[in-house]
file structure_30.txt (compact mmCIF, C-alpha atoms)
# COMPACT_ATOMS: atom_id res chain seq x y z
CA MET Y 1 97.24 144.62 132.71
CA ASP Y 2 100.56 145.31 134.40
CA PRO Y 3 102.42 141.97 134.76
CA ASP Y 4 104.22 143.36 137.80
CA GLY Y 5 101.06 144.68 139.48
CA ALA Y 6 99.13 143.38 142.47
CA GLU Y 7 96.05 142.44 140.42
CA PHE Y 8 98.14 140.31 138.07
CA ALA Y 9 99.76 138.55 141.03
CA PHE Y 10 96.33 137.92 142.57
CA LEU Y 11 94.92 136.38 139.38
CA LEU Y 12 98.07 134.34 138.80
CA LYS Y 13 97.08 132.26 141.84
CA PHE Y 14 93.87 131.24 140.06
CA PHE Y 15 95.82 130.44 136.89
CA ASN Y 16 98.22 128.19 138.78
CA HIS Y 17 95.36 126.44 140.59
CA GLY Y 18 93.66 125.75 137.26
CA LYS Y 19 96.95 124.59 135.79
CA SER Y 20 97.24 121.92 138.48
CA GLU Y 21 93.68 120.69 137.76
CA ASN Y 22 93.85 120.43 133.97
CA PRO Y 23 95.30 116.90 133.60
CA ARG Y 24 92.75 115.60 136.10
CA TYR Y 25 89.95 117.34 134.22
CA PHE Y 26 90.78 115.61 130.94
CA ARG Y 27 91.35 112.30 132.70
CA ARG Y 28 87.84 112.51 134.17
CA LEU Y 29 86.50 113.15 130.66
CA GLY Y 30 88.11 109.94 129.46
CA ASN Y 31 91.04 111.76 127.80
CA PRO Y 32 89.25 112.70 124.56
CA GLY Y 33 91.66 113.55 121.74
CA ILE Y 34 91.62 117.19 120.61
CA ALA Y 35 94.81 117.38 118.53
CA GLY Y 36 94.34 119.76 115.59
CA CYS Y 37 90.83 120.79 116.68
CA ASP Y 38 89.36 124.27 116.43
CA ILE Y 39 88.06 124.83 119.97
CA LEU Y 40 85.77 127.31 121.67
CA GLU Y 41 86.23 127.48 125.44
CA VAL Y 42 83.45 129.25 127.32
CA GLY Y 43 84.03 130.60 130.81
CA CYS Y 44 87.81 130.35 130.44
CA GLY Y 45 88.65 132.26 133.64
CA THR Y 46 92.33 133.17 133.73
CA GLY Y 47 93.15 130.94 130.77
CA SER Y 48 95.05 127.95 132.12
CA LEU Y 49 92.93 125.35 130.31
CA ALA Y 50 93.22 127.14 126.96
CA ILE Y 51 97.02 127.18 127.31
CA TYR Y 52 97.03 123.51 128.34
CA MET Y 53 94.88 122.40 125.40
CA ALA Y 54 97.13 124.13 122.87
CA LYS Y 55 100.53 123.49 124.47
CA GLU Y 56 100.08 119.99 125.91
CA LEU Y 57 97.21 118.41 123.94
CA GLY Y 58 97.92 119.84 120.49
CA ALA Y 59 94.71 121.78 119.84
CA GLY Y 60 94.96 123.59 116.52
CA HIS Y 61 93.29 126.80 117.70
CA VAL Y 62 91.56 127.83 120.92
CA LEU Y 63 89.20 130.79 121.16
CA ALA Y 64 88.77 131.26 124.90
CA THR Y 65 85.97 133.53 126.12
CA ASP Y 66 84.83 134.92 129.45
CA ILE Y 67 82.49 137.75 130.44
CA GLU Y 68 84.85 138.88 133.23
CA ARG Y 69 87.09 141.44 131.56
CA ASP Y 70 89.75 141.29 134.29
CA ASN Y 71 90.18 137.57 133.63
CA ILE Y 72 90.63 138.18 129.92
CA ALA Y 73 93.04 141.09 130.48
CA PHE Y 74 95.17 138.84 132.70
CA ALA Y 75 95.02 135.94 130.21
CA GLN Y 76 96.07 138.15 127.29
CA THR Y 77 99.00 139.61 129.23
CA HIS Y 78 100.10 136.24 130.58
CA LEU Y 79 99.94 134.70 127.10
CA ALA Y 80 102.05 137.48 125.58
CA CYS Y 81 104.66 137.38 128.38
CA HIS Y 82 105.02 133.66 129.01
CA PHE Y 83 103.66 131.77 125.99
CA PRO Y 84 104.56 133.86 122.92
CA GLU Y 85 104.96 130.67 120.89
CA LEU Y 86 101.18 130.18 121.15
CA ALA Y 87 100.35 133.53 119.53
CA GLY Y 88 97.88 132.80 116.73
CA ARG Y 89 96.84 129.48 118.24
CA VAL Y 90 95.29 130.80 121.48
CA GLU Y 91 93.04 133.85 121.54
CA PHE Y 92 91.26 135.39 124.53
CA ARG Y 93 88.14 137.54 124.12
CA PRO Y 94 85.77 139.17 126.68
CA VAL Y 95 82.55 138.10 124.94
CA ASN Y 96 79.47 135.98 125.55
CA ILE Y 97 78.97 132.93 123.35
CA SER Y 98 75.82 134.50 121.91
CA ASP Y 99 77.86 137.48 120.67
CA LEU Y 100 80.01 135.42 118.31
CA PRO Y 101 79.19 135.53 114.56
CA PRO Y 102 76.39 133.04 113.89
CA ASP Y 103 78.33 131.27 111.15
CA ARG Y 104 81.37 130.58 113.38
CA LYS Y 105 81.40 126.84 114.13
CA PHE Y 106 83.86 124.73 116.10
CA ASP Y 107 85.11 121.15 116.31
CA CYS Y 108 84.79 121.28 120.11
CA VAL Y 109 83.15 123.46 122.72
CA VAL Y 110 84.79 123.13 126.14
CA ALA Y 111 83.18 124.29 129.40
CA LYS Y 112 84.96 123.62 132.70
CA ASP Y 113 83.30 124.20 136.08
CA MET Y 114 80.80 126.74 134.80
CA PHE Y 115 77.43 125.14 133.95
CA GLU Y 116 76.12 125.70 137.48
CA HIS Y 117 76.86 129.43 137.15
CA VAL Y 118 74.85 130.00 133.94
CA LEU Y 119 71.58 131.62 134.97
CA ASP Y 120 69.65 131.02 131.71
CA PHE Y 121 71.02 127.55 131.11
CA GLN Y 122 68.57 126.52 128.40
CA ALA Y 123 69.42 129.52 126.20
CA PHE Y 124 73.11 129.03 126.86
CA PHE Y 125 73.00 125.34 125.95
CA ASP Y 126 71.11 126.13 122.76
CA SER Y 127 73.95 128.51 121.84
CA VAL Y 128 76.52 125.82 122.57
CA CYS Y 129 74.74 123.37 120.28
CA ALA Y 130 74.53 126.01 117.55
CA ARG Y 131 78.31 126.56 117.69
CA LEU Y 132 79.19 122.93 117.03
CA LYS Y 133 79.99 121.71 113.55
CA PRO Y 134 78.24 118.50 112.46
CA GLY Y 135 80.16 115.80 114.28
CA GLY Y 136 81.54 118.38 116.73
CA ARG Y 137 81.85 117.60 120.44
CA LEU Y 138 80.94 119.25 123.71
CA LEU Y 139 83.38 118.54 126.55
CA SER Y 140 82.29 119.59 130.02
CA GLY Y 141 82.81 118.80 133.67
CA PHE Y 142 80.95 120.77 136.33
CA GLY Y 143 80.00 120.81 139.99
CA PRO Y 144 79.29 120.81 142.84
CA LEU Y 145 75.68 120.32 141.79
CA TRP Y 146 73.06 122.22 143.77
CA GLU Y 147 71.66 119.25 145.73
CA SER Y 148 75.07 117.88 146.66
CA PRO Y 149 76.53 118.45 150.15
CA ARG Y 150 78.54 121.48 149.00
CA GLY Y 151 76.17 122.56 146.25
CA GLY Y 152 75.90 126.12 147.54
CA HIS Y 153 79.60 126.68 146.91
CA ALA Y 154 80.76 129.37 149.36
CA LEU Y 155 77.16 129.84 150.55
CA THR Y 156 77.39 126.39 152.17
CA VAL Y 157 78.99 126.31 155.63
CA PHE Y 158 77.71 122.92 156.82
CA PRO Y 159 76.94 120.13 154.33
CA LEU Y 160 73.51 120.58 152.74
CA ASP Y 161 72.61 123.63 154.84
CA HIS Y 162 71.97 125.63 151.65
CA LEU Y 163 68.99 123.33 150.96
CA PHE Y 164 67.30 124.02 154.28
CA LEU Y 165 68.10 127.60 155.24
CA PRO Y 166 66.08 130.49 153.76
CA GLU Y 167 67.76 132.34 150.92
CA ARG Y 168 67.91 135.57 152.93
CA THR Y 169 69.76 133.73 155.72
CA LEU Y 170 72.29 132.20 153.34
CA VAL Y 171 72.95 135.52 151.62
CA ALA Y 172 73.18 137.52 154.84
CA ARG Y 173 75.60 135.01 156.35
CA HIS Y 174 77.76 135.04 153.22
CA ASN Y 175 77.82 138.84 153.20
CA ARG Y 176 78.91 138.98 156.83
CA ARG Y 177 81.65 136.41 156.30
CA HIS Y 178 83.08 138.02 153.18
CA GLY Y 179 82.20 141.70 153.54
CA LEU Y 180 79.93 141.69 150.49
CA GLN Y 181 76.49 143.00 149.59
CA VAL Y 182 75.05 140.22 147.46
CA SER Y 183 71.25 140.40 147.40
CA SER Y 184 70.30 136.90 146.14
CA ILE Y 185 71.63 133.48 145.23
CA ARG Y 186 71.34 134.37 141.55
CA GLU Y 187 73.39 137.51 142.09
CA TYR Y 188 75.95 135.37 143.88
CA GLY Y 189 76.09 133.38 140.62
CA LEU Y 190 74.28 130.06 141.06
CA ASN Y 191 71.35 128.85 138.95
CA ARG Y 192 70.23 126.25 141.58
CA LEU Y 193 69.59 123.64 138.89
CA LYS Y 194 69.26 120.04 140.01
CA LEU Y 195 70.71 117.01 138.27
CA GLY Y 196 67.33 116.26 136.70
CA ASP Y 197 67.11 119.80 135.32
CA TYR Y 198 70.40 119.37 133.47
CA LEU Y 199 69.44 115.94 132.19
CA ARG Y 200 66.22 117.30 130.69
CA VAL Y 201 68.09 120.06 128.85
CA PHE Y 202 70.63 117.55 127.57
CA ALA Y 203 67.91 115.16 126.38
CA ARG Y 204 66.13 117.91 124.42
CA SER Y 205 69.30 119.12 122.72
CA GLY Y 206 69.58 116.37 120.13
CA LEU Y 207 73.25 115.80 121.02
CA ARG Y 208 74.48 112.21 121.24
CA GLN Y 209 75.75 111.24 124.69
CA ASP Y 210 79.07 109.53 123.98
CA TYR Y 211 80.35 109.70 127.55
CA PHE Y 212 78.63 110.60 130.82
CA ARG Y 213 79.98 110.04 134.33
CA LEU Y 214 78.72 111.21 137.71
CA ASN Y 215 80.68 111.61 140.94
CA GLN Y 216 84.23 111.46 139.66
CA SER Y 217 86.57 111.66 142.64
CA ASP Y 218 90.18 111.09 143.64
CA SER Y 219 89.43 110.69 147.36
CA ALA Y 220 88.70 107.36 149.00
CA LEU Y 221 85.50 108.71 150.57
CA GLY Y 222 84.28 110.15 147.28
CA LYS Y 223 84.95 106.90 145.44
CA LEU Y 224 83.15 104.91 148.13
CA ALA Y 225 80.11 107.20 147.97
CA ALA Y 226 80.05 107.02 144.16
CA ALA Y 227 80.27 103.24 144.18
CA THR Y 228 77.62 102.65 146.86
CA LEU Y 229 75.20 105.26 148.18
CA LEU Y 230 75.02 107.45 145.07
CA LYS Y 231 74.25 104.44 142.88
CA LEU Y 232 70.85 104.18 144.55
CA PRO Y 233 68.07 106.06 142.71
CA PHE Y 234 66.89 107.91 145.83
CA PHE Y 235 70.35 109.31 146.57
CA ARG Y 236 71.43 109.95 142.97
CA ARG Y 237 70.14 113.50 143.30
CA LEU Y 238 72.98 114.13 145.79
CA SER Y 239 75.54 113.65 143.01
CA PHE Y 240 78.35 116.15 143.33
CA ASN Y 241 79.71 116.46 139.79
CA ALA Y 242 79.19 115.40 136.19
CA TYR Y 243 81.62 114.86 133.30
CA LEU Y 244 80.40 114.47 129.75
CA VAL Y 245 81.34 114.27 126.11
CA PHE Y 246 78.41 114.84 123.75
CA SER Y 247 78.53 115.05 119.96
CA LYS Y 248 76.40 116.68 117.29
CA PRO Y 249 75.05 114.19 114.76
CA ALA Y 250 76.78 114.46 111.39
call {"tool": "encode", "arguments": {"input": "structure_30.txt", "output": "structure tokens"}}
result
Amino acid sequence: MDPDGAEFAFLLKFFNHGKSENPRYFRRLGNPGIAGCDILEVGCGTGSLAIYMAKELGAGHVLATDIERDNIAFAQTHLACHFPELAGRVEFRPVNISDLPPDRKFDCVVAKDMFEHVLDFQAFFDSVCARLKPGGRLLSGFGPLWESPRGGHALTVFPLDHLFLPERTLVARHNRRHGLQVSSIREYGLNRLKLGDYLRVFARSGLRQDYFRLNQSDSALGKLAAATLLKLPFFRRLSFNAYLVFSKPA
């Protein structure tokens, strides 16, 4: 990818946005130590988290993957131009986790803001578990969850309207607003899983839940909701995000 081209400049905005979020992301995970770890990042986007883990947190090696080839092309170019000292420690590949050699195992698998976009989540999570070494950890934060006020992502215009409007209405409205031709919510890229759906997959995985937090927020309103309304069982389904550290029994 041309580092002076318009596409590079466009994707650089996403990199810089991710860069600003990375310290908060690890803080919400409880700041787990990853120094010296061999890490697989899935859904790496434009690569800011992979760079952060190696440069700032001391990860030994990061294999960062994404199925969007433009993201990977940007990340490879950006790495070569601006972080040459990380060559050999950070690697970007346009592959799916299931395409990696079956004997390749990692100390950590990291997944940021992508669980809600995985359409076959059970198969994906099985692959994640298979990639962990004994004692290895999964680090993930994701949201907004489907039943939260903004769970439809860009499909949501008014809080919770994605839960009440027909799919065809949501998709047609989104297409009009953005000049697209998406035919379904799945094509848009949401699996529509609820909090309980994720919890059932996690429980079946055999991973140990070392750390699990719902509704992490930096805003006063978000903290108030997390501390009051969303503590009640009936409203827990409205939870807007989840942060977790799970480990594979040794």
call {"tool": "atom_distance", "arguments": {"input": "structure_30.txt", "atom1": "CA of Val90 in chain Y", "atom2": "CA of Ala50 in chain Y"}}
result
6.9 Å
call {"tool": "atom_distance", "arguments": {"input": "structure_30.txt", "atom1": "CA of Val171 in chain Y", "atom2": "CA of Asp70 in chain Y"}}
result
24.8 Å
call {"tool": "closest_residue", "arguments": {"input": "structure_30.txt", "among": "Y:Ser140, Y:Ser20, Y:Ser184, Y:Thr46", "to": "Asn71 in chain Y", "atoms": "only C-alpha atoms"}}
result
Y:Thr46
call {"tool": "residues_around", "arguments": {"input": "structure_30.txt", "residues": "Lys194 in chain Y", "least_positions_apart": "6", "cutoff": "8 Å", "atoms": "all atoms listed in the file", "output": "MDAnalysis selection string"}}
result
chainID Y and resid 145:147 237
call {"tool": "atom_distance", "arguments": {"input": "structure_30.txt", "atom1": "CA of Pro134 in chain Y", "atom2": "CA of Lys105 in chain Y"}}
result
9.1 Å
call {"tool": "closest_residue", "arguments": {"input": "structure_30.txt", "among": "Y:Val245, Y:Leu224, Y:Leu193, Y:Leu12", "to": "His117 in chain Y", "atoms": "all atoms listed in the file"}}
result
Y:Leu193
call {"tool": "closest_residue", "arguments": {"input": "structure_30.txt", "among": "Y:Ala242, Y:Leu180, Y:Leu170, Y:Leu199", "to": "Gln122 in chain Y", "atoms": "all atoms listed in the file"}}
result
Y:Leu199
call {"tool": "residues_around", "arguments": {"input": "structure_30.txt", "residues": "Asn215 in chain Y", "least_positions_apart": "5", "cutoff": "10 Å", "atoms": "only C-alpha atoms", "output": "ChimeraX atom specification"}}
result
/Y:28,143-144,222-223,225-227,230-231,236,238-243
call {"tool": "closest_residue", "arguments": {"input": "structure_30.txt", "among": "Y:Cys129, Y:Leu139, Y:Ala111, Y:Cys44", "to": "Arg93 in chain Y", "atoms": "only C-alpha atoms"}}
result
Y:Cys44
call {"tool": "closest_residue", "arguments": {"input": "structure_30.txt", "among": "Y:Val118, Y:Asp38, Y:Ala87, Y:Tyr52", "to": "Ile67 in chain Y", "atoms": "all atoms listed in the file"}}
result
Y:Val118
call {"tool": "closest_residue", "arguments": {"input": "structure_30.txt", "among": "Y:Asn31, Y:Asn22, Y:Ser127, Y:Asn16", "to": "Ala75 in chain Y", "atoms": "all atoms listed in the file"}}
result
Y:Asn16
call {"tool": "residues_around", "arguments": {"input": "structure_30.txt", "residues": "Glu85 in chain Y", "least_positions_apart": "4", "cutoff": "12 Å", "atoms": "all atoms listed in the file", "output": "JSON, numbers by chain"}}
result
{"Y": [51, 54, 55, 79, 80, 81, 89, 90]}
call {"tool": "residues_around", "arguments": {"input": "structure_30.txt", "residues": "Pro249 in chain Y", "least_positions_apart": "6", "cutoff": "7 Å", "atoms": "all atoms listed in the file", "output": "VMD selection string"}}
result
chain Y and resid 134 to 135 207 to 208
call {"tool": "write_last_selection", "arguments": {"input": "structure_30.txt", "atoms": "C-alpha atoms", "output": "PDB file, in the coordinates of the input"}}
result
ATOM      1  CA  PRO Y 134      78.240 118.500 112.460  1.00  0.00           C
ATOM      2  CA  GLY Y 135      80.160 115.800 114.280  1.00  0.00           C
ATOM      3  CA  LEU Y 207      73.250 115.800 121.020  1.00  0.00           C
ATOM      4  CA  ARG Y 208      74.480 112.210 121.240  1.00  0.00           C
TER       5      ARG Y 208
END
call {"tool": "residues_near_point", "arguments": {"input": "structure_30.txt", "point": "(95.8, 136.3, 132.7)", "cutoff": "9 Å", "atoms": "all atoms listed in the file", "output": "list in words"}}
result
Met1, Pro3, Phe8, Leu11, Leu12, Phe15, Gly45, Thr46, Gly47, Ser48, Asp70, Asn71, Ile72, Ala73, Phe74, Ala75, Gln76, Thr77, His78 and Leu79 of chain Y
call {"tool": "build_atoms", "arguments": {"input": "structure_30.txt", "residues": "range 228-250 of chain Y", "atoms": "N, CA, C and O atoms", "output": "mmCIF file, keeping the file's coordinate frame"}}
result
data_model
loop_
_atom_site.group_PDB
_atom_site.id
_atom_site.type_symbol
_atom_site.label_atom_id
_atom_site.label_comp_id
_atom_site.auth_asym_id
_atom_site.auth_seq_id
_atom_site.Cartn_x
_atom_site.Cartn_y
_atom_site.Cartn_z
ATOM 1 N N THR Y 228 78.652 103.262 146.006
ATOM 2 C CA THR Y 228 77.620 102.650 146.860
ATOM 3 C C THR Y 228 76.379 103.528 146.957
ATOM 4 O O THR Y 228 75.425 103.361 146.199
ATOM 5 N N LEU Y 229 76.390 104.470 147.869
ATOM 6 C CA LEU Y 229 75.200 105.260 148.180
ATOM 7 C C LEU Y 229 74.638 105.974 146.959
ATOM 8 O O LEU Y 229 73.424 105.927 146.700
ATOM 9 N N LEU Y 230 75.500 106.630 146.170
ATOM 10 C CA LEU Y 230 75.020 107.450 145.070
ATOM 11 C C LEU Y 230 74.587 106.637 143.854
ATOM 12 O O LEU Y 230 74.110 107.199 142.874
ATOM 13 N N LYS Y 231 74.777 105.321 143.925
ATOM 14 C CA LYS Y 231 74.250 104.440 142.880
ATOM 15 C C LYS Y 231 72.752 104.206 143.057
ATOM 16 O O LYS Y 231 72.054 103.849 142.098
ATOM 17 N N LEU Y 232 72.260 104.425 144.269
ATOM 18 C CA LEU Y 232 70.850 104.180 144.550
ATOM 19 C C LEU Y 232 69.997 105.316 143.985
ATOM 20 O O LEU Y 232 70.353 106.492 144.137
ATOM 21 N N PRO Y 233 68.881 105.014 143.342
ATOM 22 C CA PRO Y 233 68.070 106.060 142.710
ATOM 23 C C PRO Y 233 67.674 107.189 143.656
ATOM 24 O O PRO Y 233 67.683 108.353 143.263
ATOM 25 N N PHE Y 234 67.335 106.870 144.904
ATOM 26 C CA PHE Y 234 66.890 107.910 145.830
ATOM 27 C C PHE Y 234 67.994 108.909 146.133
ATOM 28 O O PHE Y 234 67.740 110.096 146.325
ATOM 29 N N PHE Y 235 69.233 108.444 146.188
ATOM 30 C CA PHE Y 235 70.350 109.310 146.570
ATOM 31 C C PHE Y 235 71.098 109.889 145.361
ATOM 32 O O PHE Y 235 71.989 110.714 145.541
ATOM 33 N N ARG Y 236 70.726 109.476 144.168
ATOM 34 C CA ARG Y 236 71.430 109.950 142.970
ATOM 35 C C ARG Y 236 71.366 111.472 142.852
ATOM 36 O O ARG Y 236 72.270 112.116 142.326
ATOM 37 N N ARG Y 237 70.293 112.053 143.375
ATOM 38 C CA ARG Y 237 70.140 113.500 143.300
ATOM 39 C C ARG Y 237 71.215 114.227 144.096
ATOM 40 O O ARG Y 237 71.428 115.424 143.898
ATOM 41 N N LEU Y 238 71.898 113.530 145.016
ATOM 42 C CA LEU Y 238 72.980 114.130 145.790
ATOM 43 C C LEU Y 238 74.311 114.132 145.048
ATOM 44 O O LEU Y 238 75.331 114.521 145.608
ATOM 45 N N SER Y 239 74.308 113.705 143.799
ATOM 46 C CA SER Y 239 75.540 113.650 143.010
ATOM 47 C C SER Y 239 76.267 114.978 143.028
ATOM 48 O O SER Y 239 75.651 116.050 142.950
ATOM 49 N N PHE Y 240 77.599 114.911 143.130
ATOM 50 C CA PHE Y 240 78.350 116.150 143.330
ATOM 51 C C PHE Y 240 79.019 116.695 142.093
ATOM 52 O O PHE Y 240 79.392 117.872 142.060
ATOM 53 N N ASN Y 241 79.191 115.892 141.035
ATOM 54 C CA ASN Y 241 79.710 116.460 139.790
ATOM 55 C C ASN Y 241 79.286 115.606 138.608
ATOM 56 O O ASN Y 241 78.770 114.492 138.776
ATOM 57 N N ALA Y 242 79.508 116.125 137.418
ATOM 58 C CA ALA Y 242 79.190 115.400 136.190
ATOM 59 C C ALA Y 242 80.247 115.727 135.147
ATOM 60 O O ALA Y 242 80.693 116.875 135.039
ATOM 61 N N TYR Y 243 80.661 114.700 134.385
ATOM 62 C CA TYR Y 243 81.620 114.860 133.300
ATOM 63 C C TYR Y 243 81.025 114.228 132.045
ATOM 64 O O TYR Y 243 80.505 113.114 132.097
ATOM 65 N N LEU Y 244 81.101 114.942 130.940
ATOM 66 C CA LEU Y 244 80.400 114.470 129.750
ATOM 67 C C LEU Y 244 81.148 114.837 128.472
ATOM 68 O O LEU Y 244 81.859 115.843 128.398
ATOM 69 N N VAL Y 245 80.950 113.980 127.483
ATOM 70 C CA VAL Y 245 81.340 114.270 126.110
ATOM 71 C C VAL Y 245 80.133 113.950 125.243
ATOM 72 O O VAL Y 245 79.712 112.791 125.150
ATOM 73 N N PHE Y 246 79.545 114.984 124.653
ATOM 74 C CA PHE Y 246 78.410 114.840 123.750
ATOM 75 C C PHE Y 246 78.854 115.229 122.344
ATOM 76 O O PHE Y 246 79.766 116.050 122.180
ATOM 77 N N SER Y 247 78.182 114.692 121.334
ATOM 78 C CA SER Y 247 78.530 115.050 119.960
ATOM 79 C C SER Y 247 77.287 115.393 119.154
ATOM 80 O O SER Y 247 76.184 114.909 119.436
ATOM 81 N N LYS Y 248 77.482 116.238 118.160
ATOM 82 C CA LYS Y 248 76.400 116.680 117.290
ATOM 83 C C LYS Y 248 76.316 115.726 116.105
ATOM 84 O O LYS Y 248 77.316 115.508 115.425
ATOM 85 N N PRO Y 249 75.158 115.154 115.867
ATOM 86 C CA PRO Y 249 75.050 114.190 114.760
ATOM 87 C C PRO Y 249 75.521 114.805 113.441
ATOM 88 O O PRO Y 249 75.243 115.958 113.126
ATOM 89 N N ALA Y 250 76.258 114.002 112.680
ATOM 90 C CA ALA Y 250 76.780 114.460 111.390
ATOM 91 C C ALA Y 250 75.769 114.268 110.282
ATOM 92 O O ALA Y 250 75.862 114.911 109.258
#
